[in-house]
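Heads up: the structure comes next, in structure tokens.
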Amino acid sequence: MIEKWTMTLPKLTGRKPRTVYVYVPDLAEEDPDARFPVLYMFDGHNVFFDEDATYGKSWGMKEFMDESGTPMIIVAVDCNHSPNNGRLSEYSPYTFEDEKLGYIRGRGKLTMDWFVHSLKPVIDRKYPTLPDRLNTFIAGSSMGGLMSLYAVLQYNEVYSRAACLSPSLWFATRKLDKLVRDAELSPDTVIYMDYGSREMGNHENMRRQFAAVVSRLLEKNVWLTSRIVPNGDHCEACWEEQIPFFINTLLYTRN
């Protein structure tokens, strides 16, 4: 079952409504006492339905969850569709300038504060969640992958596990390195991070930066799964193919 409703992000887009998609396993109806871990996801319009997806192709998360019987609630929030780089601004922890994009004001902290202090309490109140840190995960791709990494590092008291698909590690590299280096992480933190072999050439020195972040994460002693996806591209169809890998990682070692 997927429910769709809206919330506002006052500090980001005022009263303009934002769609929230919530997937609830069928088991919730069969067993009213059942409680589930929660996976929060970025770019919610691309997660479940092709008709809502930016390029007409979603991740197909509902089909995977239904067919696999994975006992998990998924909360996917629509991104900012403003043509004035609204998504980049909300999904960037850091302010930066780019030759093609221009000046991007990083509002990632405001975005995550909303996820933690506004969205999560609503989800825990309305749905049969396991609200503790060990059962709260986050995932995304591209800028959403970067935000997932940022979330598990900066908000580690809230999120214990993250899946970072094709994360945008190509800018603010020094700030990102400092974030990883300074992060105070619980030893049970789990991170999945991948990058497609075909997309490595999209940004200069991407392979080197991916390796640098992986190396720094290993120094933090997190439980890390890192992959270079064979023939992987920067698109929803490729990220859909990685669902079994990152879901298995998020739920690994759990009873």
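How things are named: the first chain in the structure tokens is A, the next is B, and so on; residues count from 1 in each chain; ligands count from 1 in the order shown.
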Strand (DSSP E or B) call set, DSSP backbone run, segment 70-208 of chain A, as an MDAnalysis selection string = chainID A and resid 73:77 96:98 102:104 129 136:141 161:165 190:196
Contacts of segment 70-84 of chain A at 9 Å or less, counting only C-alpha atoms, minus same-chain residues fewer than 4 places along, as a PyMOL selection string?
-> chain A and resi 13+18-28+35-48+61+64-66+88-91+123+127-129+247
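For Glu199 of chain A, the non-local neighbours within 10 Å, defined as residues at least 2 positions apart in the same chain or in other chains and counting only C-alpha atoms, are Ser166, Tyr195, Gly196, Ser197, Gly201, Asn202, His203, Met206, Arg207, Val229, Asn231, Gly232, Asp233, His234 and Cys235 of chain A.
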List every residue of segment 25-118 of chain A that DSSP, applied to the backbone of this structure, places in alpha helix (DSSP H), and write the result as a PyMOL selection string.
-> chain A and resi 27-30+61-68+86-90+108-114
Could you jot down the atom CA of Pro32 of chain A to atom CA of Trp59 of chain A separation for me, Å, one decimal place?
->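 Result for atom CA of Pro32 of chain A versus atom CA of Trp59 of chain A: 28.5 Å, one decimal.
Residues in contact with segment 96-112 of chain A at 9 Å, where only C-alpha atoms are counted and same-chain residues fewer than 4 positions away are skipped, are listed as Leu9, Lys11, Leu12, Asn85, Gly86, Leu88, Ser89, Glu90, Tyr91, Ser92, Val116, His117, Met147, Tyr150, Ala151, Tyr155, Phe171 and Ala172 of chain A.
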